[in-house]
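Read the structure below first, then the notes.
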Amino acid sequence: MTALPLVAAKWVDFHCHLDLYPDHAQLISECERERIATLAVTTTPLAWARNKEMAEGSTHVRVALGLHPQLVAERENEIALFERLLPESRYVGEVGLDASPRFYKSLEAQERVFERVLRACAEQGDKVLTLHSVRAVSKLLQYLEKTRLPDRGRVVMHWFTGSVSEARRAIDMGCYFSVNSEMLRSPRLRSLIVGLPLDRILTETDGPFVQVDGVAVRPRSVAGTLTALAPLRGIEPEAMRVQVLRNLAIMLKQ
Ligand code: MN
C-alpha cells in the first residue's frame with residue numbers, strides 16, 4: 001500500500017481473512033479487479049509464507065502477520081516464529097486479547113503473547129496493527145499505554161465493541177477504527193460510531209466470519225457498509241468512500 005496503489009484504490013477492507021475462504025486466489029483477483037485495498041489478516045504465523053506467496057504481485061492486497069488470541073491456548077509457542085518473521089512484515093494482525101467466556105482461561109497466555117507482539121512492534125517501529133479486543137478493551141488499551149506502541153506505529157481497533165469512554169481513550173492514543181456491517185446492526189455500536197472522529201474511520205469485512213443470510217461477506221461488501229455508514233454521519237456514501245480512502249492514505253504515511 002505505497003502511494004501509487006492507494007491512488008488507484010477505490011475501496012478499503014482493512015480486515016479480511018482471505019485465506020479462510022475456499023476461493024482465496026479468486027478473492028485476490030476480485031480485490032484487484034474491484035480495486036479494493038485489502039488487508040489479508042492471518043491467524044497463525046504458519047500461514048504467513050503461503051499468504052505472501054498468494055498475494056505476490058498484487059497491487060491492492062497486503063498480508064498481515066498474525067497470531068489470533070483465540071488460538072493462543074494451543075499455539076502460544078508460535079510467538080517465537082512470529083518474532084522471527086516480524087521484520088518481513090509492516091502489517092500485523094490478527095492479534096489482541098479475547099476475554100469472552102470461551103477464551104477467558106487462556107487470557108494470561110494471551111497477555112504474554114500480546115505484550116511480546118507489542119514490544120517487538122514498538123522496537124522495530126512503523127508497524128500497522130489490526131487489533132481484536134473482545135471483552136478486553138480496557139486491558140488492551142493498558143498494554144498499548146505500557147508499551148507506547150501507538151507512538152511507534154499505527155493501531156486499528158478492529159470490530160470495536162468497547163464503551164464510549166474506552167473509545168475516547170483509544171482516540172486519544174491515535175487509534176483508528178475499522179467498521180464492519182455487523183457492527184452497524186447494533187444500536188449501541190451505531191451510536192458509538194456516530195461519535196468517532198470522521199478522520200479515524202476505516203471499513204472492514206472480517207469475512208468470512210461475518211455472514212449475510214448464511215453466506216460469507218466478501219471484500220466488495222464494503223460498498224454496502226459505506227451505504228449504511230454514511231447516513232449515520234450525515235454524508236453521502238460517495239463522500240464516505242473518499243473519506244475512508246483518505247484516512248487509509250494518511251494513516252499509512254504517518
Ligand atoms: Mn478477524
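Quick note on naming: the chains in the C-alpha cells go A, B, ... in the order shown, residues restart at 1 in each chain, and ligands are numbered from 1 in order of appearance.
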
- Item | All residues having an atom within 8 Å of ligand 1 (only C-alpha atoms and all ligand atoms) as a VMD selection string | chain A and resid 15 to 17 41 94 132 158 206 to 207 209

- Message: Please list as a list in words every residue within 7 Å of range 238-244 of chain A, counting only C-alpha atoms and excluding residues in the same chain fewer than 3 positions away.
- Response: Trp11, Ile201, Leu202, Leu226, Ala230, Ile235, Asn247 and Leu248 of chain A

Write a file of the selected residues as a PDB file, in the first residue's frame, keeping all heavy atoms.
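Written file, result26.pdb:
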```
ATOM      1  N   TRP A  11     -11.809   1.170  -2.823  1.00  0.00           N
ATOM      2  CA  TRP A  11     -12.465   0.735  -1.594  1.00  0.00           C
ATOM      3  C   TRP A  11     -11.422   0.254  -0.591  1.00  0.00           C
ATOM      4  O   TRP A  11     -10.297  -0.054  -0.972  1.00  0.00           O
ATOM      5  CB  TRP A  11     -13.408  -0.439  -1.870  1.00  0.00           C
ATOM      6  CG  TRP A  11     -14.307  -0.269  -3.038  1.00  0.00           C
ATOM      7  CD1 TRP A  11     -14.098  -0.759  -4.301  1.00  0.00           C
ATOM      8  CD2 TRP A  11     -15.564   0.426  -3.079  1.00  0.00           C
ATOM      9  NE1 TRP A  11     -15.155  -0.405  -5.102  1.00  0.00           N
ATOM     10  CE2 TRP A  11     -16.066   0.309  -4.392  1.00  0.00           C
ATOM     11  CE3 TRP A  11     -16.316   1.134  -2.128  1.00  0.00           C
ATOM     12  CZ2 TRP A  11     -17.274   0.866  -4.784  1.00  0.00           C
ATOM     13  CZ3 TRP A  11     -17.518   1.684  -2.513  1.00  0.00           C
ATOM     14  CH2 TRP A  11     -17.990   1.557  -3.820  1.00  0.00           C
ATOM     15  N   ILE A 201     -11.956   6.733  10.759  1.00  0.00           N
ATOM     16  CA  ILE A 201     -12.796   5.589  10.392  1.00  0.00           C
ATOM     17  C   ILE A 201     -12.285   4.907   9.121  1.00  0.00           C
ATOM     18  O   ILE A 201     -11.998   5.551   8.119  1.00  0.00           O
ATOM     19  CB  ILE A 201     -14.264   6.039  10.205  1.00  0.00           C
ATOM     20  CG1 ILE A 201     -14.832   6.530  11.542  1.00  0.00           C
ATOM     21  CG2 ILE A 201     -15.112   4.897   9.643  1.00  0.00           C
ATOM     22  CD1 ILE A 201     -16.243   7.088  11.457  1.00  0.00           C
ATOM     23  N   LEU A 202     -12.171   3.559   9.204  1.00  0.00           N
ATOM     24  CA  LEU A 202     -11.874   2.716   8.044  1.00  0.00           C
ATOM     25  C   LEU A 202     -13.023   1.717   7.905  1.00  0.00           C
ATOM     26  O   LEU A 202     -13.866   1.616   8.797  1.00  0.00           O
ATOM     27  CB  LEU A 202     -10.558   1.966   8.254  1.00  0.00           C
ATOM     28  CG  LEU A 202      -9.302   2.816   8.471  1.00  0.00           C
ATOM     29  CD1 LEU A 202      -8.116   1.927   8.839  1.00  0.00           C
ATOM     30  CD2 LEU A 202      -8.989   3.646   7.231  1.00  0.00           C
ATOM     31  N   LEU A 226     -20.436   1.123   3.514  1.00  0.00           N
ATOM     32  CA  LEU A 226     -20.379   2.585   3.351  1.00  0.00           C
ATOM     33  C   LEU A 226     -21.782   3.169   3.204  1.00  0.00           C
ATOM     34  O   LEU A 226     -22.084   4.231   3.757  1.00  0.00           O
ATOM     35  CB  LEU A 226     -19.558   2.950   2.110  1.00  0.00           C
ATOM     36  CG  LEU A 226     -18.054   2.748   2.197  1.00  0.00           C
ATOM     37  CD1 LEU A 226     -17.418   2.949   0.836  1.00  0.00           C
ATOM     38  CD2 LEU A 226     -17.442   3.702   3.226  1.00  0.00           C
ATOM     39  N   ALA A 230     -22.663   5.952   5.933  1.00  0.00           N
ATOM     40  CA  ALA A 230     -22.705   7.365   5.544  1.00  0.00           C
ATOM     41  C   ALA A 230     -23.848   8.159   6.194  1.00  0.00           C
ATOM     42  O   ALA A 230     -23.607   9.241   6.746  1.00  0.00           O
ATOM     43  CB  ALA A 230     -22.757   7.488   4.024  1.00  0.00           C
ATOM     44  N   ILE A 235     -23.523  12.205   5.664  1.00  0.00           N
ATOM     45  CA  ILE A 235     -22.877  12.485   4.369  1.00  0.00           C
ATOM     46  C   ILE A 235     -23.293  11.424   3.353  1.00  0.00           C
ATOM     47  O   ILE A 235     -23.866  10.391   3.711  1.00  0.00           O
ATOM     48  CB  ILE A 235     -21.327  12.577   4.467  1.00  0.00           C
ATOM     49  CG1 ILE A 235     -20.733  11.240   4.963  1.00  0.00           C
ATOM     50  CG2 ILE A 235     -20.907  13.718   5.382  1.00  0.00           C
ATOM     51  CD1 ILE A 235     -19.210  11.237   4.985  1.00  0.00           C
ATOM     52  N   ASN A 247      -8.404   8.500   4.753  1.00  0.00           N
ATOM     53  CA  ASN A 247      -7.961   8.091   6.091  1.00  0.00           C
ATOM     54  C   ASN A 247      -6.870   7.024   6.001  1.00  0.00           C
ATOM     55  O   ASN A 247      -5.866   7.081   6.713  1.00  0.00           O
ATOM     56  CB  ASN A 247      -9.138   7.549   6.909  1.00  0.00           C
ATOM     57  CG  ASN A 247     -10.166   8.622   7.226  1.00  0.00           C
ATOM     58  OD1 ASN A 247      -9.915   9.822   7.053  1.00  0.00           O
ATOM     59  ND2 ASN A 247     -11.339   8.199   7.684  1.00  0.00           N
ATOM     60  N   LEU A 248      -7.079   6.068   5.113  1.00  0.00           N
ATOM     61  CA  LEU A 248      -6.081   4.997   4.964  1.00  0.00           C
ATOM     62  C   LEU A 248      -4.753   5.574   4.452  1.00  0.00           C
ATOM     63  O   LEU A 248      -3.690   5.244   4.976  1.00  0.00           O
ATOM     64  CB  LEU A 248      -6.592   3.915   3.999  1.00  0.00           C
ATOM     65  CG  LEU A 248      -5.610   2.775   3.740  1.00  0.00           C
ATOM     66  CD1 LEU A 248      -5.354   1.968   5.020  1.00  0.00           C
ATOM     67  CD2 LEU A 248      -6.121   1.850   2.649  1.00  0.00           C
TER      68      LEU A 248
END
```

- Looking only at alpha helix (DSSP H) from DSSP on the backbone, list the matching residues of range 7-126 of chain A as a PyMOL selection string. chain A and resi 7-8+24-34+48-55+72-75+79-85+107-124

- Item | Who sits within 9 Å of Phe160 in chain A, only C-alpha atoms, same chain under 4 positions skipped, as number ranges by chain | A: 131-134, 137, 167, 177-179, 183, 189

- Note on the structure: Using only C-alpha atoms, the shortest atom-to-atom distance to Thr161 in chain A among A:Ser29, A:Thr43, A:Ser221, A:Asn180 belongs to A:Asn180

Taking 4 positions as the minimum chain separation for residues in the same chain, which residues sit within 12 Å of Arg185 in chain A when counting only C-alpha atoms? Answer as a tab-separated table (two decimals) with N, CA and C atoms, in the first residue's frame.
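This is the output file around.tsv:
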```tsv
chain	number	residue	atom	x	y	z
A	179	VAL	N	-14.73	-0.42	10.68
A	179	VAL	CA	-16.15	-0.69	10.92
A	179	VAL	C	-16.64	-1.73	9.91
A	180	ASN	N	-17.38	-2.73	10.41
A	180	ASN	CA	-17.97	-3.73	9.50
A	180	ASN	C	-19.49	-3.70	9.56
A	181	SER	N	-20.10	-4.45	8.66
A	181	SER	CA	-21.56	-4.40	8.51
A	181	SER	C	-22.29	-4.91	9.74
A	189	LEU	N	-23.60	0.16	19.08
A	189	LEU	CA	-22.39	0.47	18.31
A	189	LEU	C	-22.65	1.55	17.26
A	190	ARG	N	-23.88	1.57	16.73
A	190	ARG	CA	-24.19	2.66	15.78
A	190	ARG	C	-24.02	4.01	16.46
A	191	SER	N	-24.53	4.13	17.68
A	191	SER	CA	-24.41	5.44	18.33
A	191	SER	C	-22.97	5.73	18.72
A	193	ILE	N	-20.39	4.80	16.91
A	193	ILE	CA	-19.75	5.17	15.64
A	193	ILE	C	-20.06	6.62	15.26
A	210	VAL	N	-18.09	-12.74	9.23
A	210	VAL	CA	-19.35	-12.03	9.07
A	210	VAL	C	-20.07	-12.62	7.86
A	212	VAL	N	-23.97	-12.90	5.70
A	212	VAL	CA	-25.31	-12.36	5.48
A	212	VAL	C	-26.13	-13.47	4.86
A	225	THR	N	-21.41	-1.48	3.33
A	225	THR	CA	-21.09	-0.93	4.65
A	225	THR	C	-21.03	0.60	4.59
A	228	ALA	N	-24.48	2.06	4.51
A	228	ALA	CA	-25.13	2.07	5.83
A	228	ALA	C	-24.46	3.06	6.78
A	229	LEU	N	-23.17	3.26	6.60
A	229	LEU	CA	-22.40	4.11	7.50
A	229	LEU	C	-22.61	5.61	7.21
```

- Just how far from CA of Thr44 in chain A is CA of Gly174 in chain A, in Å to one decimal?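 Straight-line distance from CA of Gly174 in chain A to CA of Thr44 in chain A works out to 26.7 Å.
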
Tell me, as a PDB file with N, CA, C and O atoms, in the first residue's frame, which residues lie within 6 Å of range 63-69 of chain A, counting only C-alpha atoms; anything in the same chain fewer than 6 positions away does not count.
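around_5.pdb was written with the following content:
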```
ATOM      1  N   LEU A  39      -6.536  -5.686   3.545  1.00  0.00           N
ATOM      2  CA  LEU A  39      -5.546  -6.250   4.450  1.00  0.00           C
ATOM      3  C   LEU A  39      -5.949  -7.689   4.740  1.00  0.00           C
ATOM      4  O   LEU A  39      -6.977  -7.942   5.384  1.00  0.00           O
ATOM      5  N   ALA A  40      -5.145  -8.622   4.236  1.00  0.00           N
ATOM      6  CA  ALA A  40      -5.393 -10.049   4.453  1.00  0.00           C
ATOM      7  C   ALA A  40      -4.781 -10.425   5.792  1.00  0.00           C
ATOM      8  O   ALA A  40      -3.563 -10.601   5.897  1.00  0.00           O
ATOM      9  N   VAL A  41      -5.619 -10.518   6.822  1.00  0.00           N
ATOM     10  CA  VAL A  41      -5.106 -10.872   8.146  1.00  0.00           C
ATOM     11  C   VAL A  41      -4.951 -12.386   8.226  1.00  0.00           C
ATOM     12  O   VAL A  41      -5.590 -13.133   7.483  1.00  0.00           O
ATOM     13  N   THR A  42      -4.078 -12.824   9.139  1.00  0.00           N
ATOM     14  CA  THR A  42      -3.860 -14.257   9.315  1.00  0.00           C
ATOM     15  C   THR A  42      -3.990 -14.591  10.802  1.00  0.00           C
ATOM     16  O   THR A  42      -3.917 -13.704  11.656  1.00  0.00           O
ATOM     17  N   THR A  43      -4.189 -15.877  11.098  1.00  0.00           N
ATOM     18  CA  THR A  43      -4.436 -16.249  12.491  1.00  0.00           C
ATOM     19  C   THR A  43      -3.245 -16.970  13.128  1.00  0.00           C
ATOM     20  O   THR A  43      -3.199 -17.115  14.339  1.00  0.00           O
ATOM     21  N   THR A  44      -2.305 -17.427  12.313  1.00  0.00           N
ATOM     22  CA  THR A  44      -1.097 -18.073  12.827  1.00  0.00           C
ATOM     23  C   THR A  44       0.085 -17.693  11.941  1.00  0.00           C
ATOM     24  O   THR A  44      -0.079 -17.582  10.718  1.00  0.00           O
ATOM     25  N   PRO A  45       1.261 -17.528  12.529  1.00  0.00           N
ATOM     26  CA  PRO A  45       2.430 -17.169  11.708  1.00  0.00           C
ATOM     27  C   PRO A  45       2.776 -18.272  10.705  1.00  0.00           C
ATOM     28  O   PRO A  45       3.481 -18.020   9.731  1.00  0.00           O
ATOM     29  N   TYR A  91       2.644  -5.062   8.256  1.00  0.00           N
ATOM     30  CA  TYR A  91       1.278  -5.203   8.767  1.00  0.00           C
ATOM     31  C   TYR A  91       1.188  -6.355   9.753  1.00  0.00           C
ATOM     32  O   TYR A  91       1.758  -7.421   9.516  1.00  0.00           O
ATOM     33  N   VAL A  92       0.464  -6.140  10.853  1.00  0.00           N
ATOM     34  CA  VAL A  92       0.364  -7.129  11.910  1.00  0.00           C
ATOM     35  C   VAL A  92      -1.096  -7.346  12.300  1.00  0.00           C
ATOM     36  O   VAL A  92      -1.826  -6.400  12.582  1.00  0.00           O
ATOM     37  N   GLY A  93      -1.535  -8.611  12.292  1.00  0.00           N
ATOM     38  CA  GLY A  93      -2.887  -8.937  12.712  1.00  0.00           C
ATOM     39  C   GLY A  93      -3.330 -10.266  12.105  1.00  0.00           C
ATOM     40  O   GLY A  93      -2.758 -10.706  11.120  1.00  0.00           O
ATOM     41  N   GLU A  94      -4.128 -11.016  12.700  1.00  0.00           N
ATOM     42  CA  GLU A  94      -4.932 -10.548  13.806  1.00  0.00           C
ATOM     43  C   GLU A  94      -4.241 -10.891  15.104  1.00  0.00           C
ATOM     44  O   GLU A  94      -3.846 -12.027  15.323  1.00  0.00           O
ATOM     45  N   VAL A  95      -4.103  -9.883  15.948  1.00  0.00           N
ATOM     46  CA  VAL A  95      -3.547 -10.065  17.286  1.00  0.00           C
ATOM     47  C   VAL A  95      -4.448  -9.311  18.258  1.00  0.00           C
ATOM     48  O   VAL A  95      -5.288  -8.528  17.842  1.00  0.00           O
ATOM     49  N   GLY A  96      -4.268  -9.570  19.550  1.00  0.00           N
ATOM     50  CA  GLY A  96      -5.069  -8.844  20.540  1.00  0.00           C
ATOM     51  C   GLY A  96      -5.414  -9.715  21.729  1.00  0.00           C
ATOM     52  O   GLY A  96      -4.656 -10.635  22.088  1.00  0.00           O
ATOM     53  N   LEU A  97      -6.543  -9.415  22.349  1.00  0.00           N
ATOM     54  CA  LEU A  97      -6.990 -10.120  23.551  1.00  0.00           C
ATOM     55  C   LEU A  97      -8.467 -10.477  23.414  1.00  0.00           C
ATOM     56  O   LEU A  97      -9.240  -9.709  22.838  1.00  0.00           O
ATOM     57  N   GLN A 110      -2.588 -15.197  26.589  1.00  0.00           N
ATOM     58  CA  GLN A 110      -2.841 -14.181  25.558  1.00  0.00           C
ATOM     59  C   GLN A 110      -2.091 -12.883  25.887  1.00  0.00           C
ATOM     60  O   GLN A 110      -1.551 -12.223  25.007  1.00  0.00           O
TER      61      GLN A 110
END
```

- Shortest contact to Ser89 in chain A, candidates A:Arg112, A:Lys105, A:Lys52, A:Arg119, atoms counted only C-alpha atoms, goes to A:Lys52

- Determine, counting only C-alpha atoms, which protein, DNA and RNA residues have an atom within 9 Å of an atom of range 35-37 of chain A; residues of the same chain fewer than 5 positions away are not included. Present the result as JSON, numbers by chain. {"A": [1, 5, 6, 8, 9, 10, 11, 12, 13, 14, 30, 59, 60, 61, 62, 219, 220, 222, 245]}

Please produce a file of those selected residues containing N, CA and C atoms, as an mmCIF file, in the first residue's frame.
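selection_39.cif, freshly written:
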```
data_model
loop_
_atom_site.group_PDB
_atom_site.id
_atom_site.type_symbol
_atom_site.label_atom_id
_atom_site.label_comp_id
_atom_site.auth_asym_id
_atom_site.auth_seq_id
_atom_site.Cartn_x
_atom_site.Cartn_y
_atom_site.Cartn_z
ATOM 1 N N MET A 1 0.838 -1.186 0.000
ATOM 2 C CA MET A 1 0.000 0.000 0.000
ATOM 3 C C MET A 1 0.877 1.243 0.000
ATOM 4 N N PRO A 5 -0.486 2.588 -5.480
ATOM 5 C CA PRO A 5 -1.694 1.778 -5.421
ATOM 6 C C PRO A 5 -2.854 2.481 -4.722
ATOM 7 N N LEU A 6 -2.541 3.293 -3.708
ATOM 8 C CA LEU A 6 -3.620 3.969 -2.993
ATOM 9 C C LEU A 6 -4.375 4.923 -3.892
ATOM 10 N N ALA A 8 -4.886 4.427 -6.907
ATOM 11 C CA ALA A 8 -5.724 3.595 -7.760
ATOM 12 C C ALA A 8 -6.836 2.884 -7.005
ATOM 13 N N ALA A 9 -6.699 2.763 -5.659
ATOM 14 C CA ALA A 9 -7.704 2.019 -4.900
ATOM 15 C C ALA A 9 -9.017 2.780 -4.855
ATOM 16 N N LYS A 10 -10.091 1.999 -4.760
ATOM 17 C CA LYS A 10 -11.407 2.613 -4.701
ATOM 18 C C LYS A 10 -12.090 2.329 -3.365
ATOM 19 N N TRP A 11 -11.809 1.170 -2.823
ATOM 20 C CA TRP A 11 -12.465 0.735 -1.594
ATOM 21 C C TRP A 11 -11.422 0.254 -0.591
ATOM 22 N N VAL A 12 -11.837 0.146 0.668
ATOM 23 C CA VAL A 12 -10.942 -0.338 1.723
ATOM 24 C C VAL A 12 -11.605 -1.453 2.525
ATOM 25 N N ASP A 13 -10.926 -2.614 2.586
ATOM 26 C CA ASP A 13 -11.327 -3.679 3.513
ATOM 27 C C ASP A 13 -10.096 -3.960 4.359
ATOM 28 N N PHE A 14 -10.042 -3.328 5.520
ATOM 29 C CA PHE A 14 -8.801 -3.392 6.296
ATOM 30 C C PHE A 14 -8.721 -4.572 7.270
ATOM 31 N N GLU A 30 -10.402 -10.682 -7.341
ATOM 32 C CA GLU A 30 -11.555 -9.800 -7.164
ATOM 33 C C GLU A 30 -11.125 -8.454 -6.561
ATOM 34 N N THR A 59 -1.557 -5.594 -6.464
ATOM 35 C CA THR A 59 -1.468 -4.155 -6.222
ATOM 36 C C THR A 59 -2.205 -3.767 -4.949
ATOM 37 N N HIS A 60 -3.319 -4.445 -4.681
ATOM 38 C CA HIS A 60 -4.212 -3.965 -3.630
ATOM 39 C C HIS A 60 -4.265 -4.824 -2.364
ATOM 40 N N VAL A 61 -3.723 -6.036 -2.430
ATOM 41 C CA VAL A 61 -3.795 -6.912 -1.253
ATOM 42 C C VAL A 61 -2.466 -6.894 -0.507
ATOM 43 N N ARG A 62 -2.537 -6.647 0.788
ATOM 44 C CA ARG A 62 -1.367 -6.725 1.646
ATOM 45 C C ARG A 62 -1.643 -7.766 2.723
ATOM 46 N N PRO A 219 -14.770 -8.957 0.301
ATOM 47 C CA PRO A 219 -14.259 -7.578 0.400
ATOM 48 C C PRO A 219 -15.139 -6.542 -0.303
ATOM 49 N N ARG A 220 -15.709 -6.909 -1.435
ATOM 50 C CA ARG A 220 -16.545 -5.940 -2.165
ATOM 51 C C ARG A 220 -17.766 -5.507 -1.352
ATOM 52 N N VAL A 222 -17.825 -4.080 1.305
ATOM 53 C CA VAL A 222 -17.600 -2.788 1.985
ATOM 54 C C VAL A 222 -18.413 -1.672 1.332
ATOM 55 N N LEU A 245 -10.846 6.278 2.101
ATOM 56 C CA LEU A 245 -9.605 6.143 1.310
ATOM 57 C C LEU A 245 -8.543 7.129 1.788
#
```

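If only C-alpha atoms are the atoms counted, then among A:Arg135, A:Arg90, A:Arg75, A:Arg102 the closest residue to Ala120 in chain A is A:Arg90.
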